[in-house]
$ cat query_31.txt   # compact mmCIF, C-alpha atoms
# COMPACT_ATOMS: atom_id res chain seq x y z
CA MET A 1 -19.84 -6.71 -5.88
CA GLY A 2 -17.19 -8.90 -4.31
CA PHE A 3 -13.89 -7.83 -2.80
CA ASP A 4 -12.23 -11.23 -2.96
CA GLN A 5 -9.13 -9.98 -4.78
CA TYR A 6 -7.90 -9.11 -1.29
CA HIS A 7 -6.55 -11.91 0.86
CA GLU A 8 -5.67 -9.57 3.69
CA PRO A 9 -7.95 -6.96 5.36
CA ALA A 10 -8.29 -4.20 2.73
CA GLY A 11 -8.08 -1.49 5.40
CA GLU A 12 -4.60 -2.64 6.39
CA LEU A 13 -3.28 -2.66 2.83
CA PRO A 14 -1.48 0.38 1.39
CA ALA A 15 -3.24 2.07 -1.55
CA GLU A 16 -0.63 0.90 -4.07
CA THR A 17 -1.05 -2.73 -2.97
CA ARG A 18 -4.84 -2.44 -3.39
CA THR A 19 -4.30 -1.06 -6.91
CA PHE A 20 -1.82 -3.84 -7.61
CA ALA A 21 -4.34 -6.49 -6.47
CA ARG A 22 -7.12 -4.94 -8.59
CA MET A 23 -4.90 -4.98 -11.67
CA CYS A 24 -3.95 -8.62 -10.99
CA ALA A 25 -7.68 -9.43 -10.81
CA SER A 26 -8.21 -7.56 -14.11
CA LEU A 27 -5.39 -9.49 -15.75
CA THR A 28 -6.97 -12.78 -14.66
CA GLU A 29 -10.38 -11.74 -15.99
CA GLU A 30 -8.93 -10.71 -19.37
CA ALA A 31 -7.12 -14.06 -19.66
CA GLU A 32 -10.36 -15.89 -18.82
CA ALA A 33 -12.26 -13.91 -21.45
CA ILE A 34 -9.60 -14.72 -24.07
CA GLY A 35 -10.02 -18.43 -23.27
CA TRP A 36 -13.83 -18.23 -23.40
CA TYR A 37 -13.80 -16.49 -26.79
CA GLU A 38 -11.38 -19.09 -28.10
CA GLN A 39 -13.81 -21.86 -27.09
CA ARG A 40 -16.84 -20.07 -28.55
CA ILE A 41 -15.02 -19.39 -31.83
CA ALA A 42 -13.98 -23.04 -32.02
CA ILE A 43 -17.59 -24.27 -32.03
CA GLU A 44 -19.44 -21.37 -33.72
CA PRO A 45 -20.49 -22.40 -37.28
CA ASP A 46 -21.70 -18.91 -38.36
CA LEU A 47 -18.85 -17.05 -40.12
CA GLU A 48 -20.17 -13.57 -39.32
CA ALA A 49 -20.66 -14.40 -35.65
CA ARG A 50 -17.12 -15.83 -35.53
CA GLY A 51 -15.80 -12.56 -37.01
CA ILE A 52 -17.45 -10.51 -34.26
CA MET A 53 -16.12 -12.85 -31.58
CA ARG A 54 -12.62 -12.67 -33.02
CA ASP A 55 -12.86 -8.87 -32.96
CA ALA A 56 -14.04 -8.97 -29.32
CA GLN A 57 -11.21 -11.33 -28.44
CA GLY A 58 -8.78 -8.82 -29.96
CA GLU A 59 -10.04 -6.27 -27.44
CA GLU A 60 -9.29 -8.71 -24.64
CA PHE A 61 -5.75 -9.24 -26.01
CA LYS A 62 -5.26 -5.49 -25.82
CA HIS A 63 -6.67 -5.23 -22.28
CA PHE A 64 -4.55 -8.14 -21.12
CA ALA A 65 -1.38 -6.56 -22.57
CA MET A 66 -2.20 -3.18 -20.98
CA ASP A 67 -2.83 -4.76 -17.56
CA LEU A 68 0.38 -6.74 -17.85
CA GLU A 69 2.45 -3.74 -18.88
CA PHE A 70 1.08 -1.74 -15.91
CA LEU A 71 1.99 -4.51 -13.48
CA LEU A 72 5.46 -4.96 -15.00
CA ARG A 73 6.15 -1.23 -14.76
CA ARG A 74 5.28 -1.30 -11.06
CA THR A 75 7.22 -4.50 -10.35
CA PRO A 76 10.89 -4.37 -11.36
CA LEU A 77 11.56 -7.98 -10.38
CA TRP A 78 8.61 -9.27 -12.41
CA ARG A 79 9.69 -7.08 -15.32
CA GLU A 80 13.25 -8.39 -15.14
CA ILE A 81 12.04 -12.00 -15.26
CA ALA A 82 9.56 -11.23 -18.06
CA GLU A 83 12.30 -9.57 -20.11
CA GLY A 84 14.23 -12.84 -20.02
CA ILE A 85 11.22 -14.80 -21.34
CA LEU A 86 8.95 -12.66 -23.53
CA PHE A 87 9.53 -12.26 -27.28
CA HIS A 88 12.49 -14.65 -27.35
CA GLU A 89 12.88 -17.54 -29.78
CA GLY A 90 14.58 -20.01 -27.42
CA ASP A 91 13.25 -22.76 -25.16
CA ILE A 92 10.59 -21.13 -22.98
CA VAL A 93 11.19 -23.26 -19.88
CA GLU A 94 14.96 -22.91 -20.09
CA GLU A 95 14.84 -19.15 -20.55
CA GLY A 96 12.26 -18.85 -17.77
CA GLU A 97 14.40 -20.75 -15.29
CA GLU A 98 17.46 -18.71 -16.21
CA ALA A 99 15.64 -15.37 -15.99
CA GLU A 100 14.04 -16.22 -12.64
CA GLU A 101 17.26 -17.45 -11.10
CA GLY A 102 19.23 -14.36 -12.08
CA ALA A 103 16.54 -11.84 -11.16
CA VAL A 104 15.34 -13.40 -7.90
CA GLU A 105 18.81 -14.08 -6.54
CA GLY A 106 19.88 -10.54 -7.36
CA ALA A 107 16.79 -9.01 -5.74
CA ALA A 108 16.92 -11.28 -2.70
CA SER A 109 20.57 -10.50 -2.05
CA ARG A 110 19.76 -6.79 -1.93
CA GLY A 111 16.43 -7.19 -0.09
CA ALA A 112 14.65 -5.28 -2.82
CA PRO A 113 10.92 -4.66 -2.68
CA VAL A 114 8.95 -6.59 -5.30
CA VAL A 115 6.65 -3.68 -6.16
CA GLY A 116 8.13 -0.32 -7.09
CA GLY A 117 9.11 2.01 -9.90
CA ILE A 118 11.96 1.70 -12.40
CA SER A 119 14.82 2.24 -10.00
CA LEU A 120 17.64 0.48 -8.20
CA GLY A 121 14.92 -1.18 -6.11
CA ILE A 122 16.45 -0.25 -2.75
CA GLY A 123 13.26 0.81 -0.97
CA SER A 124 12.99 0.27 2.76
CA LEU A 125 16.01 -1.14 4.56
CA ARG A 126 14.16 -1.80 7.82
CA GLU A 127 14.80 -5.27 9.21
CA ALA A 128 11.68 -7.43 9.48
CA ARG A 129 10.09 -6.95 12.88
CA ALA A 130 10.18 -9.90 15.23
CA MET B 1 10.02 6.13 -21.97
CA SER B 2 10.93 7.25 -18.47
CA HIS B 3 12.29 10.71 -17.70
CA LEU B 4 15.64 9.09 -16.90
CA LEU B 5 16.24 8.72 -20.67
CA ARG B 6 18.32 5.61 -20.12
CA GLU B 7 17.36 4.33 -23.57
CA HIS B 8 19.29 7.23 -25.15
CA ALA B 9 22.56 6.53 -23.39
CA PRO B 10 25.39 4.88 -25.33
CA ILE B 11 25.45 2.14 -22.70
CA SER B 12 24.86 -1.58 -23.30
CA LYS B 13 22.51 -3.70 -21.19
CA ALA B 14 25.51 -5.40 -19.56
CA ALA B 15 27.06 -2.04 -18.63
CA TRP B 16 23.75 -0.74 -17.23
CA SER B 17 23.54 -3.86 -15.12
CA ILE B 18 27.05 -3.22 -13.71
CA LEU B 19 26.25 0.46 -13.04
CA ASP B 20 22.94 -0.36 -11.28
CA SER B 21 24.50 -3.12 -9.24
CA GLU B 22 27.49 -0.98 -8.19
CA ALA B 23 25.19 1.90 -7.18
CA ARG B 24 22.97 -0.43 -5.15
CA GLU B 25 25.95 -1.97 -3.35
CA ARG B 26 27.46 1.41 -2.53
CA LEU B 27 24.23 3.01 -1.37
CA THR B 28 22.67 0.26 0.73
CA PRO B 29 25.09 0.35 3.69
CA LYS B 30 24.99 4.15 3.81
CA LEU B 31 21.23 4.82 3.70
CA ALA B 32 20.84 4.90 7.47
CA ALA B 33 17.48 6.67 7.57
CA ARG B 34 15.80 3.89 5.60
CA LYS B 35 16.91 1.39 8.27
CA LEU B 36 15.00 3.26 10.97
CA VAL B 37 12.03 5.16 9.54
CA ASP B 38 8.83 4.06 7.77
CA PHE B 39 9.23 4.03 4.00
CA ALA B 40 6.15 4.55 1.81
CA GLY B 41 6.22 4.14 -1.96
CA PRO B 42 7.87 4.51 -4.36
CA HIS B 43 4.85 6.36 -5.76
CA GLY B 44 6.48 7.38 -9.05
CA TRP B 45 8.05 10.48 -10.55
CA GLU B 46 4.67 12.20 -10.94
CA HIS B 47 4.09 12.09 -7.17
CA SER B 48 4.73 15.71 -6.19
CA ALA B 49 3.48 16.17 -2.65
CA THR B 50 2.60 14.34 0.54
CA ASN B 51 -0.91 14.82 1.85
CA LEU B 52 -0.75 16.22 5.39
CA GLY B 53 -4.49 15.88 5.93
CA ARG B 54 -4.77 19.51 7.01
CA LYS B 55 -6.05 22.76 5.56
CA ARG B 56 -5.53 26.46 6.15
CA ARG B 57 -8.25 29.05 5.93
CA LEU B 58 -7.82 31.54 3.09
CA ASN B 59 -9.81 34.70 3.71
CA ASP B 60 -12.79 34.98 5.93
CA GLU B 61 -15.17 35.34 3.02
CA PRO B 62 -13.49 35.65 -0.42
CA TRP B 63 -16.90 35.82 -2.05
CA GLU B 64 -20.11 36.63 -0.31
CA GLY B 65 -21.46 33.61 1.53
CA ILE B 66 -18.40 31.51 0.71
CA ARG B 67 -15.88 30.02 3.14
CA ALA B 68 -12.54 29.03 1.62
CA ALA B 69 -9.57 26.93 2.66
CA GLN B 70 -6.54 25.43 1.01
CA ARG B 71 -5.12 21.94 1.57
CA GLU B 72 -1.69 21.74 3.15
CA VAL B 73 0.83 19.43 1.53
CA LEU B 74 4.52 18.75 1.89
CA PRO B 75 6.13 19.02 -1.57
CA LEU B 76 8.64 16.33 -2.46
CA VAL B 77 12.27 17.31 -2.97
CA GLU B 78 14.36 16.04 -5.86
CA LEU B 79 17.98 15.14 -5.16
CA GLN B 80 20.41 14.61 -8.00
CA ALA B 81 24.05 13.54 -7.70
CA PRO B 82 25.80 13.84 -11.10
CA PHE B 83 28.72 11.62 -12.05
CA THR B 84 30.62 10.59 -15.16
CA VAL B 85 31.83 7.30 -16.58
CA ASP B 86 34.66 6.88 -19.04
CA ARG B 87 33.28 5.46 -22.30
CA GLU B 88 36.36 3.28 -22.71
CA GLU B 89 35.57 1.67 -19.35
CA LEU B 90 32.03 0.95 -20.56
CA ARG B 91 33.39 -0.65 -23.72
CA ASP B 92 35.62 -2.81 -21.53
CA VAL B 93 32.54 -4.03 -19.67
CA ASP B 94 31.20 -5.32 -22.98
CA ARG B 95 34.51 -7.08 -23.52
CA GLY B 96 33.97 -8.86 -20.22
CA ALA B 97 35.97 -6.63 -17.87
CA ARG B 98 34.67 -6.66 -14.30
CA ASP B 99 37.25 -4.38 -12.62
CA VAL B 100 35.65 -1.24 -14.02
CA ASP B 101 36.61 2.18 -12.66
CA LEU B 102 33.38 3.54 -11.21
CA SER B 103 34.95 5.81 -8.60
CA ALA B 104 32.83 8.80 -9.70
CA LEU B 105 29.68 6.73 -9.19
CA ASP B 106 30.90 5.70 -5.73
CA GLU B 107 31.46 9.35 -4.80
CA ALA B 108 28.01 10.30 -6.11
CA ALA B 109 26.46 7.49 -4.03
CA GLN B 110 28.23 8.84 -0.95
CA ARG B 111 26.96 12.39 -1.63
CA LEU B 112 23.39 11.23 -2.15
CA ALA B 113 23.35 9.03 0.97
CA VAL B 114 24.81 11.83 3.10
CA ALA B 115 22.20 14.26 1.72
CA GLU B 116 19.30 11.86 2.41
CA ASN B 117 20.50 11.04 5.93
CA SER B 118 21.17 14.68 6.66
CA ALA B 119 17.70 15.78 5.48
CA VAL B 120 16.01 13.10 7.60
CA PHE B 121 18.03 13.58 10.78
CA HIS B 122 19.05 17.25 10.69
CA GLY B 123 16.24 18.60 8.49
CA TRP B 124 16.34 20.91 5.49
CA GLU B 125 14.68 24.22 6.21
CA LEU B 126 14.57 25.45 2.61
CA ALA B 127 12.68 22.31 1.59
CA GLY B 128 10.30 22.42 4.55
CA ILE B 129 11.72 19.26 6.09
CA ALA B 130 12.07 19.20 9.88
CA GLY B 131 14.55 16.50 10.88
CA ILE B 132 14.35 13.93 13.65
CA LEU B 133 17.03 15.65 15.73
CA GLN B 134 15.28 19.02 15.39
CA ARG B 135 11.85 17.70 16.31
CA ALA B 136 12.88 15.29 19.10
CA LYS B 137 10.92 16.45 22.12
CA HIS B 138 13.08 15.06 24.92
CA ASP B 139 16.15 16.84 26.26
CA PRO B 140 19.18 15.97 24.13
CA ILE B 141 21.76 13.72 25.78
CA PRO B 142 25.42 14.68 25.19
CA LEU B 143 27.20 11.74 23.60
CA GLY B 144 30.73 12.73 24.68
CA ASP B 145 33.98 11.02 23.72
CA GLN B 146 33.88 8.17 26.21
CA CYS B 147 32.02 5.50 24.40
CA GLU B 148 32.12 3.20 27.44
CA LEU B 149 29.35 5.52 28.66
CA TYR B 150 27.19 5.05 25.56
CA PRO B 151 25.12 2.22 27.10
CA ARG B 152 24.20 4.60 29.92
CA HIS B 153 23.22 7.35 27.46
CA VAL B 154 21.21 4.98 25.32
CA ALA B 155 19.47 3.46 28.36
CA LYS B 156 18.57 6.96 29.50
CA ALA B 157 17.08 7.74 26.06
CA VAL B 158 15.08 4.51 26.09
CA GLU B 159 13.84 5.27 29.58
CA ALA B 160 12.72 8.77 28.50
CA MET B 161 10.68 7.29 25.66
CA LEU B 162 9.17 4.56 27.85
CA ALA B 163 8.15 7.25 30.34
CA ALA B 164 6.39 9.06 27.49
CA GLY B 165 4.55 5.86 26.55
CA ILE B 166 6.60 5.19 23.41
CA ASP B 167 7.15 1.47 22.93
CA GLY B 168 10.18 -0.22 21.40
CA PRO B 169 12.00 -1.80 19.82
CA TYR B 170 14.39 1.10 19.43
CA GLY B 171 17.17 1.80 16.95
CA LEU B 172 20.31 3.89 17.25
CA ALA B 173 21.80 5.99 14.45
CA LEU B 174 25.38 7.09 15.05
CA GLY B 175 27.58 9.38 12.97
CA PRO B 176 30.70 7.71 11.49
CA ASN B 177 33.15 8.71 14.27
CA ALA B 178 30.98 7.52 17.12
CA TYR B 179 30.10 4.34 15.24
CA THR B 180 33.76 3.46 14.64
CA ASN B 181 34.51 4.03 18.33
CA VAL B 182 31.74 1.61 19.25
CA LEU B 183 33.04 -1.06 16.89
CA GLU B 184 36.52 -0.77 18.33
CA THR B 185 35.46 -0.92 21.94
CA SER B 186 35.11 -3.95 24.17
CA GLU B 187 33.76 -3.61 27.66
CA HIS B 188 34.83 -5.51 30.76
CA GLY B 189 35.32 -9.17 29.96
CA GLY B 190 35.71 -8.46 26.24
CA TYR B 191 31.95 -8.15 25.67
CA PRO B 192 31.57 -5.99 22.54
CA LEU B 193 29.91 -2.65 23.18
CA LEU B 194 27.93 -3.11 19.96
CA ASP B 195 26.12 -6.18 21.36
CA HIS B 196 25.45 -4.46 24.67
CA LEU B 197 23.84 -1.48 22.89
CA ARG B 198 21.73 -3.77 20.71
CA LYS B 199 20.45 -5.57 23.81
CA ILE B 200 19.35 -2.28 25.38
CA LEU B 201 17.69 -1.12 22.17
CA GLY B 202 16.08 -4.36 21.05
CA GLY B 203 16.88 -3.12 17.53
CA PRO B 204 19.76 -2.19 15.25
CA LEU B 205 22.66 0.19 15.61
CA VAL B 206 23.09 1.99 12.29
CA TRP B 207 26.12 3.68 10.72
CA ALA B 208 24.85 7.07 9.58
CA PRO B 209 27.14 9.14 7.35
CA GLY B 210 25.94 12.75 7.32
CA VAL B 211 24.74 12.63 10.93
CA GLU B 212 26.43 14.66 13.67
CA GLY B 213 26.09 12.86 16.98
CA GLY B 214 23.23 10.40 16.87
CA ALA B 215 19.63 9.58 17.69
CA VAL B 216 17.72 6.88 19.50
CA VAL B 217 14.37 6.32 17.80
CA SER B 218 11.42 4.04 18.33
CA LEU B 219 10.89 1.44 15.60
CA ARG B 220 7.28 0.71 16.59
CA GLY B 221 6.19 2.36 13.32
CA GLY B 222 4.05 5.33 12.34
CA ASP B 223 6.32 7.96 13.93
CA PHE B 224 8.74 8.93 11.12
CA LEU B 225 7.45 8.92 7.55
CA PHE B 226 9.68 8.86 4.46
CA ASP B 227 7.48 9.29 1.40
CA SER B 228 9.26 8.18 -1.76
CA GLY B 229 8.30 9.48 -5.20
CA ASP B 230 10.90 7.91 -7.46
CA ASP B 231 13.29 5.71 -5.52
CA ILE B 232 16.99 6.11 -6.28
CA SER B 233 17.65 5.55 -9.97
CA ILE B 234 20.42 6.25 -12.45
CA GLY B 235 19.49 8.68 -15.21
CA TYR B 236 21.24 9.79 -18.38
CA GLU B 237 22.19 13.38 -19.22
CA ARG B 238 24.51 13.48 -22.25
CA TYR B 239 27.72 12.10 -23.70
CA ASP B 240 30.77 13.29 -25.61
CA ALA B 241 33.62 11.45 -27.29
CA ASP B 242 35.19 10.25 -24.05
CA THR B 243 32.62 10.50 -21.29
CA VAL B 244 29.03 9.65 -20.43
CA TYR B 245 27.32 12.05 -18.03
CA LEU B 246 24.89 10.34 -15.66
CA TYR B 247 23.24 11.10 -12.34
CA LEU B 248 21.73 9.38 -9.33
CA GLU B 249 18.30 10.76 -8.58
CA GLU B 250 15.44 10.37 -6.16
CA SER B 251 12.44 12.34 -4.93
CA PHE B 252 11.01 12.18 -1.42
CA SER B 253 9.50 14.02 1.51
CA PHE B 254 10.03 13.33 5.19
CA ARG B 255 8.11 14.27 8.29
CA VAL B 256 8.16 13.50 11.97
CA VAL B 257 4.72 12.58 13.26
CA THR B 258 5.65 11.81 16.88
CA PRO B 259 8.43 14.02 18.24
CA GLU B 260 8.32 12.03 21.51
CA ALA B 261 9.56 8.94 19.64
CA ALA B 262 13.15 10.20 19.32
CA VAL B 263 15.95 11.34 21.60
CA ALA B 264 18.83 13.34 20.15
CA LEU B 265 22.37 12.41 21.15
CA ALA B 266 24.35 15.63 20.89
CA PRO B 267 27.90 15.35 19.48

$ encode --input "query_31.txt" --output "structure tokens"
Amino acid sequence: MGFDQYHEPAGELPAETRTFARMCASLTEEAEAIGWYEQRIAIEPDLEARGIMRDAQGEEFKHFAMDLEFLLRRTPLWREIAEGILFHEGDIVEEGEEAEEGAVEGAASRGAPVVGGISLGIGSLREARA
Amino acid sequence: MSHLLREHAPISKAAWSILDSEARERLTPKLAARKLVDFAGPHGWEHSATNLGRKRRLNDEPWEGIRAAQREVLPLVELQAPFTVDREELRDVDRGARDVDLSALDEAAQRLAVAENSAVFHGWELAGIAGILQRAKHDPIPLGDQCELYPRHVAKAVEAMLAAGIDGPYGLALGPNAYTNVLETSEHGGYPLLDHLRKILGGPLVWAPGVEGGAVVSLRGGDFLFDSGDDISIGYERYDADTVYLYLEESFSFRVVTPEAAVALAP
């Protein structure tokens, strides 16, 4: 079993960051599985087999959405940006740029932590160590 | 839905954004402890206790052939600062008003910041929190009224920690009166006292409402642990025809791991 979801020494990472990294890895794997099923379904001639694959892909949609929701709940900044993009009718790129600009500038100006609960996002106010 | 029940409040997204932003702006300069101690979390509202990694023996042998112990934990405290907002003011936000009267929120932010600083520096016996000033192992240094002497006091505190093998950089928390005196004081040649103190410390000087006197602490890390459950949030309580009842809330525990890493400055 690999541990390559960590880019930094796992022993130095706080527990919540390790969980965060694992869930990011899960999200990636679910997205990959969705893509693989889509390809298989596209070339599978057998109707019954396609039905089973579509059902399995539905499971991956669910897992992906659950992983994403978990990560958004733990990451107010990500959530704020996602809220400006997801389930809207407008131009995706335009809305994305707008959501990112507003959320990131706001968070940067208050030095908010990226990962945290649903709160004002104040967190630590320690200056970065030299 | 979170326990803050924000979804039930008769408050628009725009008004929530103004309330959150105002609270953040008011709290950030006042939360002195967070500028000096290690902050872990937020771990969420369900996080109820900090693991101390220790146990206590229960009885010698509660059942024959059985040894028993119980884990020791530090339970988190919940702080809540209630405030109200006029519903007409909130409606004005939706009309585009930006000069909203949020004075009750500002006062609640002040109360919460003072409570957090006070718990961290002075402790809170009922909650099992021993503060930095209570636990500091070195002899306290009287601060006095002559702030021209502060560099000497601070240097003495730094020297005491160095002698105990506690590395810097160091930070200084000062209660509001002492802090204002420092800001207003220039030393010989007009050199601001603030800069002189920062040079001795190698770290920040922090305005600390709720603190009597002050403290010099090491910022090397691992000595003072603030464990956050839910970080400060605004929650919703109820509303009537004219008023919405809200509150600022947080949960946390605090403990001093290295009492040698702080020197109290007595008022």

$ closest_atom_pairs --input "query_31.txt" --of "chain A" --to "chain B" --cutoff "6 Å" --atoms "all atoms listed in the file" --output "Markdown table"
| residue | atom | partner | partner_atom | distance |
| --- | --- | --- | --- | --- |
| A:Gly116 | CA | B:Pro42 | CA | 5.6 |
| A:Ser119 | CA | B:Ser233 | CA | 4.4 |
| A:Leu120 | CA | B:Ser233 | CA | 5.4 |
| A:Ser124 | CA | B:Arg34 | CA | 5.4 |
| A:Leu125 | CA | B:Lys35 | CA | 4.6 |
| A:Arg126 | CA | B:Lys35 | CA | 4.2 |

$ atom_distance --input "query_31.txt" --atom1 "CA of Gln57 (chain A)" --atom2 "CA of Gln5 (chain A)"
23.8 Å

$ atom_distance --input "query_31.txt" --atom1 "CA of Pro267 (chain B)" --atom2 "CA of His153 (chain B)"
12.2 Å

$ atom_distance --input "query_31.txt" --atom1 "CA of Ala215 (chain B)" --atom2 "CA of Ala164 (chain B)"
16.5 Å

$ residues_around --input "query_31.txt" --residues "Pro10 (chain B)" --least-positions-apart "4" --cutoff "9 Å" --atoms "all atoms listed in the file" --output "list of chain:residue names"
B:Arg6, B:Arg87, B:Tyr239, B:Val244

$ closest_residue --input "query_31.txt" --among "B:Ile11, B:Met161, B:Ile18, B:Val257" --to "Ala97 (chain B)" --atoms "all atoms listed in the file"
B:Ile18

$ residues_around --input "query_31.txt" --residues "Tyr179 (chain B)" --least-positions-apart "3" --cutoff "9 Å" --atoms "all atoms listed in the file" --output "PyMOL selection string"
chain B and resi 173-176+182-184+205-208

$ residues_around --input "query_31.txt" --residues "region 40-43 of chain A" --least-positions-apart "3" --cutoff "10 Å" --atoms "all atoms listed in the file" --output "PDB file with C-alpha atoms, in the coordinates of the input"
ATOM      1  CA  GLY A  35     -10.020 -18.430 -23.270  1.00  0.00           C
ATOM      2  CA  TRP A  36     -13.830 -18.230 -23.400  1.00  0.00           C
ATOM      3  CA  TYR A  37     -13.800 -16.490 -26.790  1.00  0.00           C
ATOM      4  CA  ASP A  46     -21.700 -18.910 -38.360  1.00  0.00           C
ATOM      5  CA  LEU A  47     -18.850 -17.050 -40.120  1.00  0.00           C
ATOM      6  CA  ALA A  49     -20.660 -14.400 -35.650  1.00  0.00           C
ATOM      7  CA  ARG A  50     -17.120 -15.830 -35.530  1.00  0.00           C
ATOM      8  CA  GLY A  51     -15.800 -12.560 -37.010  1.00  0.00           C
ATOM      9  CA  ILE A  52     -17.450 -10.510 -34.260  1.00  0.00           C
ATOM     10  CA  MET A  53     -16.120 -12.850 -31.580  1.00  0.00           C
ATOM     11  CA  ARG A  54     -12.620 -12.670 -33.020  1.00  0.00           C
ATOM     12  CA  GLN A  57     -11.210 -11.330 -28.440  1.00  0.00           C
TER      13      GLN A  57
END

$ closest_residue --input "query_31.txt" --among "A:Glu29, A:Glu48, A:Glu38, A:Glu83" --to "His63 (chain A)" --atoms "all atoms listed in the file"
A:Glu29
